[in-house]
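Since the structure comes first, as structure tokens, the remarks are kept for the end.
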Amino acid sequence: MNHLLKHHKSSRKLTTLVENKTTYSADYAELNIYETHEYAEKIALRFDFPVIASMLTGKKVMHIEGMSSFDFFPGESVVMPAGKEMVIDFPLARKNNPTQCLTLGIDTEKITEVVERFNADIAVEKESHNWALDSTASHLLHNIEVDYLVKRLVYTFTKNEVSKDILLDLMIQELIVRLLQTKAKAFLLKNTDDDVFNDTRIGMVIKYIKQNLTDKEISVDILARKACMSVSHFHKKFKNTLGVSPIDYINSEKIRFSKKLIKESKELRISEIAFKSGFNNTSYFNRQFKKMELMTPQQFKASIVPG
């Protein structure tokens, strides 16, 4: 991230040591980069428009109404609705090692435009469950697509290029869609209403996956037949709705189940965990676990604090 902030550092003015703000503007959005160079706590921020806040360097402790306090690290983001306050502590900020964060405010008309297109084209097939970004705050962890877009946005905002506004417009539209996909995914994963699952083909498939998670024969072909779609159309519909491929979703659910087994059955070997979680191959299980959890199953097992 430091190389992306190189141009910013060379041009910004430092007027305060706590939440020094530099603003970059575009047609439909505003990027603010905040820097704190000394220990501080209980710093309150509130915005009149929806924002996505992303950590760049250092660490914050976030206090947001309706959520438990949490540590905020680089690579993580928070989606904040308009008017909602966040109170921030800066436990590690120092003059030679500042804590840096950005907020990206997006014009509500642009959000509405993209939301309407998303709902019309690729949202889950139930009119009463259209998606929006205006109700509650969300803490995004390990969201690779959002983190990658944030880095591209920082680079483009802070560089004076001829096509800057066009590029930013495209990236902002993609970011809104990624966030909508996150909301859609959260809704489907948490909703236990059978009527909702039975009323949507993708929802019905998700219910089937949950009920047959450890079945080693589960495949995209089977899921496509359950959804009464061709394999290619099902794959596209599933990925557009949830933001991940069917196989990646199945693997993520199996890894989640394996973590539960590791916590509850410490006497089981990793190979047994893999088999019971629906994996035929221990090496593949290890690769998928590390890809999603950023550590191996064995490291995860060692990290568990005895209850």
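Ordering of the structure tokens sets the chain letters (A, B, ...); residue numbers start at 1 within each chain; ligands are numbered from 1 in the order shown.
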**Item:** Residues within 10 Å of region 282-296 of chain A, only C-alpha atoms, excluding chain neighbours under 2 positions, as a PyMOL selection string
**Value:** chain A and resi 142+248+251-252+254-256+258-259+270-275+277-280+298-303
**Message:** Report as a list in words all protein, DNA and RNA residues lying within 10 Å of Ile206 (chain A), evaluated on only C-alpha atoms, omitting residues in the same chain fewer than 2 positions from it.
**Reply:** Leu188, Leu189, Phe197, Thr200, Arg201, Ile202, Gly203, Met204, Tyr208, Ile209, Lys210, Gln211, Asn212, Leu213, Leu223, Phe238, Pro246, Tyr249 and Ile250 of chain A
**Asked** What is the CA of Thr214 (chain A) to CA of Leu141 (chain A) distance in Å?
**Response** 25.6 Å
**Prompt:** Could you name the residues that touch region 22-35 of chain A at 6 Å or less, counting only C-alpha atoms, but leaving out those on the same chain fewer than 6 positions away, as a ChimeraX atom specification?
**Reply:** /A:99-107
Pull N, CA, C and O atoms from the residues just selected and write them as a PDB file, in the first residue's frame.
ATOM      1  N   THR A  99      -1.168   5.860  11.444  1.00  0.00           N
ATOM      2  CA  THR A  99      -2.316   5.039  11.066  1.00  0.00           C
ATOM      3  C   THR A  99      -3.042   5.759   9.940  1.00  0.00           C
ATOM      4  O   THR A  99      -3.383   6.936  10.066  1.00  0.00           O
ATOM      5  N   GLN A 100      -3.270   5.053   8.836  1.00  0.00           N
ATOM      6  CA  GLN A 100      -3.886   5.676   7.669  1.00  0.00           C
ATOM      7  C   GLN A 100      -5.134   4.913   7.246  1.00  0.00           C
ATOM      8  O   GLN A 100      -5.153   3.687   7.244  1.00  0.00           O
ATOM      9  N   CYS A 101      -6.165   5.674   6.912  1.00  0.00           N
ATOM     10  CA  CYS A 101      -7.447   5.099   6.526  1.00  0.00           C
ATOM     11  C   CYS A 101      -8.059   5.974   5.443  1.00  0.00           C
ATOM     12  O   CYS A 101      -7.703   7.149   5.307  1.00  0.00           O
ATOM     13  N   LEU A 102      -8.952   5.400   4.667  1.00  0.00           N
ATOM     14  CA  LEU A 102      -9.664   6.199   3.667  1.00  0.00           C
ATOM     15  C   LEU A 102     -11.162   6.036   3.858  1.00  0.00           C
ATOM     16  O   LEU A 102     -11.632   5.032   4.403  1.00  0.00           O
ATOM     17  N   THR A 103     -11.898   7.048   3.421  1.00  0.00           N
ATOM     18  CA  THR A 103     -13.349   6.916   3.281  1.00  0.00           C
ATOM     19  C   THR A 103     -13.695   7.298   1.852  1.00  0.00           C
ATOM     20  O   THR A 103     -13.197   8.296   1.321  1.00  0.00           O
ATOM     21  N   LEU A 104     -14.518   6.494   1.241  1.00  0.00           N
ATOM     22  CA  LEU A 104     -14.993   6.771  -0.105  1.00  0.00           C
ATOM     23  C   LEU A 104     -16.490   7.046  -0.026  1.00  0.00           C
ATOM     24  O   LEU A 104     -17.277   6.171   0.312  1.00  0.00           O
ATOM     25  N   GLY A 105     -16.862   8.298  -0.308  1.00  0.00           N
ATOM     26  CA  GLY A 105     -18.272   8.668  -0.337  1.00  0.00           C
ATOM     27  C   GLY A 105     -18.772   8.628  -1.771  1.00  0.00           C
ATOM     28  O   GLY A 105     -18.128   9.171  -2.672  1.00  0.00           O
ATOM     29  N   ILE A 106     -19.897   7.969  -1.976  1.00  0.00           N
ATOM     30  CA  ILE A 106     -20.438   7.800  -3.324  1.00  0.00           C
ATOM     31  C   ILE A 106     -21.771   8.539  -3.425  1.00  0.00           C
ATOM     32  O   ILE A 106     -22.621   8.420  -2.537  1.00  0.00           O
ATOM     33  N   ASP A 107     -21.953   9.297  -4.495  1.00  0.00           N
ATOM     34  CA  ASP A 107     -23.188  10.033  -4.742  1.00  0.00           C
ATOM     35  C   ASP A 107     -24.387   9.078  -4.682  1.00  0.00           C
ATOM     36  O   ASP A 107     -24.379   8.020  -5.314  1.00  0.00           O
TER      37      ASP A 107
END
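With only C-alpha atoms as the atoms that count, the minimum distance from Tyr148 (chain A) to the choices A:Thr36, A:Ser219, A:Ser77, A:Ser10 is reached by A:Ser77.
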**Residues within 9 Å of region 177-179 of chain A, only C-alpha atoms, excluding chain neighbours under 5 positions, as a PyMOL selection string** = chain A and resi 79+114-115+118+133+145-146+172+184+243
**Message:** For a quick check of understanding, using only C-alpha atoms, which of A:Ala137, A:Met80, A:Ile88, A:Ile304 has the smallest distance to Met67 (chain A)?
**Reply:**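 Between A:Ala137, A:Met80, A:Ile88, A:Ile304, the residue approaching Met67 (chain A) most closely is A:Ala137.
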Set the distance at 8 Å and use only C-alpha atoms: which residues neighbour Gly75 (chain A) once local chain neighbours fewer than 3 positions away are removed? I'd like the list as a PDB file with N, CA, C and O atoms, in the first residue's frame.
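Listed below is the output, part_12.pdb:
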ATOM      1  N   SER A  54     -11.901   2.085   4.557  1.00  0.00           N
ATOM      2  CA  SER A  54     -10.935   0.993   4.425  1.00  0.00           C
ATOM      3  C   SER A  54      -9.625   1.373   5.100  1.00  0.00           C
ATOM      4  O   SER A  54      -9.148   2.500   4.962  1.00  0.00           O
ATOM      5  N   MET A  55      -9.056   0.410   5.827  1.00  0.00           N
ATOM      6  CA  MET A  55      -7.772   0.641   6.469  1.00  0.00           C
ATOM      7  C   MET A  55      -6.640   0.518   5.455  1.00  0.00           C
ATOM      8  O   MET A  55      -6.649  -0.367   4.603  1.00  0.00           O
ATOM      9  N   LEU A  56      -5.663   1.419   5.564  1.00  0.00           N
ATOM     10  CA  LEU A  56      -4.496   1.397   4.683  1.00  0.00           C
ATOM     11  C   LEU A  56      -3.253   0.924   5.432  1.00  0.00           C
ATOM     12  O   LEU A  56      -2.557   0.015   4.979  1.00  0.00           O
ATOM     13  N   LEU A 141     -14.385  -8.669   6.024  1.00  0.00           N
ATOM     14  CA  LEU A 141     -13.100  -9.305   6.293  1.00  0.00           C
ATOM     15  C   LEU A 141     -12.695 -10.181   5.109  1.00  0.00           C
ATOM     16  O   LEU A 141     -13.510 -10.938   4.587  1.00  0.00           O
ATOM     17  N   HIS A 142     -11.429 -10.087   4.693  1.00  0.00           N
ATOM     18  CA  HIS A 142     -10.871 -10.954   3.653  1.00  0.00           C
ATOM     19  C   HIS A 142     -11.708 -10.915   2.370  1.00  0.00           C
ATOM     20  O   HIS A 142     -11.874 -11.936   1.706  1.00  0.00           O
ATOM     21  N   ASN A 143     -12.267  -9.742   2.032  1.00  0.00           N
ATOM     22  CA  ASN A 143     -13.006  -9.608   0.784  1.00  0.00           C
ATOM     23  C   ASN A 143     -12.007  -9.148  -0.283  1.00  0.00           C
ATOM     24  O   ASN A 143     -11.729  -7.959  -0.434  1.00  0.00           O
ATOM     25  N   ASP A 147     -11.069  -5.291  -1.583  1.00  0.00           N
ATOM     26  CA  ASP A 147      -9.738  -4.777  -1.250  1.00  0.00           C
ATOM     27  C   ASP A 147      -8.955  -4.395  -2.506  1.00  0.00           C
ATOM     28  O   ASP A 147      -8.283  -3.361  -2.552  1.00  0.00           O
TER      29      ASP A 147
END
**Message:** Report, in Å to a single decimal, how far apart CA of Ile247 (chain A) and CA of Asp215 (chain A) are.
**Reply:** 13.4 Å
**Test item, strand (DSSP E or B) assignment across region 29-120 of chain A, answer as a ChimeraX atom specification** = /A:29-36,40-46,51-57,60-64,70-72,77-80,85-90,94,97,99-106
**Message:** Please extract the residues of region 177-284 of chain A with a backbone DSSP assignment of alpha helix (DSSP H) and present them as a PyMOL selection string.
**Reply:** chain A and resi 177-190+194-199+201-211+220-226+231-242+246-264+270-276+282-284
**For Phe234 (chain A), the nearest of the candidates A:Val220, A:Pro74, A:Ser69, A:Lys84, counting only C-alpha atoms** =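 Residue with the minimum atom-to-atom distance to Phe234 (chain A): A:Val220.
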**Prompt:** Any idea what's packed within 10 Å of Ala82 (chain A), counting only C-alpha atoms, ignoring anything in its chain fewer than 3 positions away? Could you give it as a PyMOL selection string?
**Reply:** chain A and resi 46-51+79+85+105+108+133-137
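If only C-alpha atoms are the atoms counted, then among A:Phe90, A:Phe72, A:Tyr155, A:Phe187 the closest residue to Leu140 (chain A) is A:Phe72.
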**Residue nearest Glu65 (chain A) among A:Met86, A:Val154, A:Met229, A:Ile43 (counting only C-alpha atoms)** =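 Using only C-alpha atoms, Glu65 (chain A) sits closest to A:Met86.
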**Request:** Grab the CA of Gln173 (chain A) to CA of Arg152 (chain A) distance for me, in Å with one decimal place.
**Result:** 13.1 Å
